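Have a look at the structure below, then the notes.
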Number of protein chains: 2
Amino acid sequence: MSTPQKTRLVSRSISDQLYDVLREQILNGEVGEGEPIRQDGIAAAFEISKIPVREALVRLQQDGLVSLHPKRGFFVTPLTRKEAEDVFHLRLLIEPEATALGAQSATEEDAKKAQACLEELENAVARQDPRRGVYNRLFHLALVQPAAGPTTIHVLTLLNVTADRYVRFHMHMQDIDTRANQEHRELMACWLAGNKREIEKLMRKHIQTTLDDLRGALK
Amino acid sequence: MSTPQKTRLVSRSISDQLYDVLREQILNGEVGEGEPIRQDGIAAAFEISKIPVREALVRLQQDGLVSLHPKRGFFVTPLTRKEAEDVFHLRLLIEPEATALGAQSATEEDAKKAQACLEELENAVARQDPRRGVYNRLFHLALVQPAAGPTTIHVLTLLNVTADRYVRFHMHMQDIDTRANQEHRELMACWLAGNKREIEKLMRKHIQTTLDDLRGALK
DNA sequence: GAAGTGAAGTTTGTATACTATGAGCACCCC
DNA sequence: GGGGTGCTCATAGTATACAAACTTCACTTC
């Protein structure tokens, strides 16, 4: 029997699933910044015990999305202009180069996957999926994946998640969807062609434009 | 009554303390790479329950020091040349500039704290303290702290921790202690003077030299 | 002897239960 | 009436208990 099936199937633990759900809720602003997070409340809402809730929160804490005051609980970290600037600064340092390197060592399969991610992203945008930030991240990461080491992936994931939070909070999506779509198309074409210098420039501009828009929204 | 006491005293939870201890053990190689980590074993060793053990491990997982195979347990992530290159590459991108910015906006107090960290580091080196990697990280971070945003701090901490792991594993400390001491002195002098360009150059060289030594150790 | 099958023993992941700390409020003293 | 003191309640953090999954290994079958 052949093995075309290569997706690894594993049982995801409750805490692991909850981690994704809570992260998405925070990114969507469903729990306001600075707001306390009641472990019992979440446990009751999902009809589970506190143990997996705490594990998910601990992971989010390590991601910087919530902070923990000992014996007082977890709080959603407030959004600050300083953090926004910080995150985009780091992205500008890391992501353009990493993307260019990814293009250079991308295999046929990597290219397919990146294109699939772009399609999914465009579909999500087209149907106004509120989770399209997720697909945006996946696309950006797919461009980096072929060459990047595990730490670069991890750091960029962290940065993109936080960036996503600011974008979702301060900006009306439809305002940037069209432009972003255009830029993503250009990026993808250039990435497939493997033009290192050009990709770096495009990606830098792509991130910078988002940052400029964000600064505008922050007045 | 005056308040010269400004260190904030908080009760550290068991899981929080354990996080530090386990991280240090992994950095020291006390648990070999790829080795499984038995939750019950650790719980028994510290005479606590599994709950805080799991929380500490989840944090370490988020740091990339251990990985989790569902229903099979936590494993110490293996050291790879690729990750080492990756981590140092990122440090070279971020840390020199961040250190220079730190120097520019350092207050008198920041300077005092940085110098105190350097002293502690030198003391630790002098007495061959096995935990001197910790003080090294604290010193490097103290140089960055004055200007850096929270995310930069977080990312650099992550990178320095991982870098530390490779340095401790592959290199005999005494071989580099002397050189590092010298370089730290130079860095500190330059940092206090606030010469941006020069600091960047020195820090870049400092990190690069460590990377070169590491490459040598890796054959 | 190699490969498949099944039962016993580990170990994980989560529920439940308990302790103790912090917040909030009423009361008291001046 | 303002500030201190103790009580009550809510919540965090951890221990204990347990079900489900994985591993191991002996046993069977060809």
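Identifiers for the structure tokens are assigned positionally: chains receive A, B, ... in sequence, residues are indexed from 1 per chain, and ligands are indexed from 1 in the order shown.
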
query = Within 8 Å of chain A, which residues of chain B show up when using only C-alpha atoms, listed as an MDAnalysis selection string?
reply = chainID B and resid 10:13 51 54:55 58:59 62:64 70 82:83 86:87 90 93:94 148:152 155

N, CA and C atoms of the current selection, written as a compact mmCIF listing (two decimals), in the first residue's frame:
```txt
# COMPACT_ATOMS: atom_id res chain seq x y z
N VAL B 10 7.35 39.44 45.79
CA VAL B 10 6.15 38.66 45.48
C VAL B 10 6.45 37.19 45.75
N SER B 11 5.39 36.48 46.11
CA SER B 11 5.56 35.05 46.33
C SER B 11 5.66 34.36 44.98
N ARG B 12 6.73 33.66 44.76
CA ARG B 12 6.88 32.95 43.50
C ARG B 12 6.24 31.58 43.64
N SER B 13 5.44 31.24 42.66
CA SER B 13 4.76 29.95 42.72
C SER B 13 5.77 28.83 42.51
N ILE B 51 1.21 18.88 38.65
CA ILE B 51 0.61 20.08 38.06
C ILE B 51 1.65 21.19 37.82
N ARG B 54 4.13 20.21 35.06
CA ARG B 54 3.64 20.37 33.70
C ARG B 54 3.63 21.83 33.27
N GLU B 55 3.26 22.71 34.19
CA GLU B 55 3.23 24.13 33.82
C GLU B 55 4.63 24.64 33.49
N VAL B 58 5.54 23.27 30.08
CA VAL B 58 4.83 23.96 29.01
C VAL B 58 5.54 25.28 28.67
N ARG B 59 6.00 25.97 29.70
CA ARG B 59 6.74 27.21 29.44
C ARG B 59 8.04 26.92 28.69
N GLN B 62 7.40 26.35 25.15
CA GLN B 62 7.18 27.60 24.43
C GLN B 62 8.51 28.31 24.17
N ASP B 63 9.51 28.03 24.97
CA ASP B 63 10.84 28.60 24.76
C ASP B 63 11.65 27.78 23.77
N GLY B 64 11.15 26.62 23.40
CA GLY B 64 11.88 25.77 22.46
C GLY B 64 12.93 24.89 23.10
N PRO B 70 2.47 14.40 21.85
CA PRO B 70 1.21 14.14 22.55
C PRO B 70 1.12 12.73 23.11
N LYS B 82 22.23 23.68 12.82
CA LYS B 82 21.34 24.63 12.16
C LYS B 82 20.74 25.63 13.15
N GLU B 83 20.27 25.09 14.29
CA GLU B 83 19.68 26.00 15.27
C GLU B 83 20.72 26.98 15.80
N ASP B 86 21.23 29.62 13.35
CA ASP B 86 20.01 30.42 13.31
C ASP B 86 19.97 31.43 14.46
N VAL B 87 20.24 30.94 15.65
CA VAL B 87 20.16 31.79 16.83
C VAL B 87 21.18 32.93 16.77
N LEU B 90 20.24 35.61 14.26
CA LEU B 90 19.23 36.54 14.77
C LEU B 90 19.83 37.51 15.78
N LEU B 93 21.55 40.21 14.08
CA LEU B 93 20.61 41.16 13.48
C LEU B 93 20.09 42.16 14.51
N ILE B 94 19.79 41.66 15.69
CA ILE B 94 19.04 42.46 16.66
C ILE B 94 19.90 43.13 17.72
N ALA B 148 14.89 49.30 24.87
CA ALA B 148 14.17 48.26 24.14
C ALA B 148 12.73 48.12 24.59
N GLY B 149 11.87 47.78 23.65
CA GLY B 149 10.49 47.48 23.98
C GLY B 149 10.39 46.09 24.57
N PRO B 150 9.22 45.75 25.07
CA PRO B 150 9.03 44.46 25.75
C PRO B 150 9.30 43.27 24.84
N THR B 151 8.92 43.39 23.58
CA THR B 151 9.10 42.26 22.68
C THR B 151 10.58 42.03 22.38
N THR B 152 11.30 43.11 22.18
CA THR B 152 12.74 42.97 21.96
C THR B 152 13.40 42.29 23.15
N VAL B 155 12.43 38.57 23.04
CA VAL B 155 13.10 37.82 21.98
C VAL B 155 14.58 37.66 22.29
```

ask   = Excluding same-chain residues fewer than 6 positions from DT28 in chain D, what lies within 12 Å of it counting only C-alpha atoms (C1' of nucleotides), as a ChimeraX atom specification?
value = /C:3-6

Generate a file of the selected residues that holds C-alpha atoms (C1' of nucleotides), formatted as a CSV table (one decimal), in the first residue's frame.
```csv
chain,number,residue,atom,x,y,z
C,3,DA,C1',5.7,-11.4,12.5
C,4,DG,C1',1.3,-10.7,14.6
C,5,DT,C1',-1.7,-10.6,19.0
C,6,DG,C1',-2.9,-9.6,23.6
```

message = Taking 2 positions as the minimum chain separation for residues in the same chain, which residues sit within 10 Å of Arg131 in chain B when counting only C-alpha atoms (C1' of nucleotides)? Answer as a PyMOL selection string.
response = chain B and resi 24+27-28+121+124-125+128-129+133-136

Chain C residues near chain A (12 Å cut-off, only C-alpha atoms (C1' of nucleotides)) as a PyMOL selection string = chain C and resi 12-17+20-23

ask   = How many Å separate CA of Lys196 in chain B from CA of Ser105 in chain B?
value =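 Atom-to-atom, CA of Lys196 in chain B and CA of Ser105 in chain B are spaced 10.9 Å apart.
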
task = Choose the residue, out of D:DG1, D:DA12, D:DC7, D:DA26, that has the smallest atom-to-atom separation from chain A; count only C-alpha atoms (C1' of nucleotides).
result =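 Of all the options, D:DA12 lies closest to chain A.
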
Per residue of range 56-146 of chain B within 8 Å of range 198-212 of chain B, which atom pair is closest and at what distance in Å (one decimal), using only C-alpha atoms, listed by chain and increasing number, as a Markdown table?
```
| residue | atom | partner | partner_atom | distance |
| --- | --- | --- | --- | --- |
| B:Glu85 | CA | B:Leu211 | CA | 7.9 |
| B:Phe88 | CA | B:Leu211 | CA | 6.7 |
| B:Arg91 | CA | B:Ile207 | CA | 7.6 |
| B:Leu92 | CA | B:Arg204 | CA | 6.1 |
| B:Glu95 | CA | B:Met203 | CA | 7.5 |
| B:Pro96 | CA | B:Glu200 | CA | 4.5 |
| B:Glu97 | CA | B:Glu200 | CA | 5.8 |
| B:Thr99 | CA | B:Glu200 | CA | 7.2 |
| B:Ala100 | CA | B:Ile199 | CA | 5.7 |
```

request  = Return as a PyMOL selection string the residues belonging to chain D that are within 12 Å of chain A, counting only C-alpha atoms (C1' of nucleotides).
outcome  = chain D and resi 10-14+20-21

key: alpha helix (DSSP H) residues, from DSSP on the backbone, in chain A, as a PyMOL selection string   = chain A and resi 14-27+39-46+50-63+81-104+108-126+132-144+150-170+173-193+196-217

task = Determine, counting only C-alpha atoms (C1' of nucleotides), which protein, DNA and RNA residues have an atom within 12 Å of an atom of DA26 in chain C; residues of the same chain fewer than 6 positions away are not included. Present the result as a PyMOL selection string.
result = chain D and resi 5-8

ask   = Distance CA of Ile37 in chain B-CA of Phe75 in chain B, one decimal place?
value =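 Answer for the CA of Ile37 in chain B to CA of Phe75 in chain B separation: 5.7 Å.
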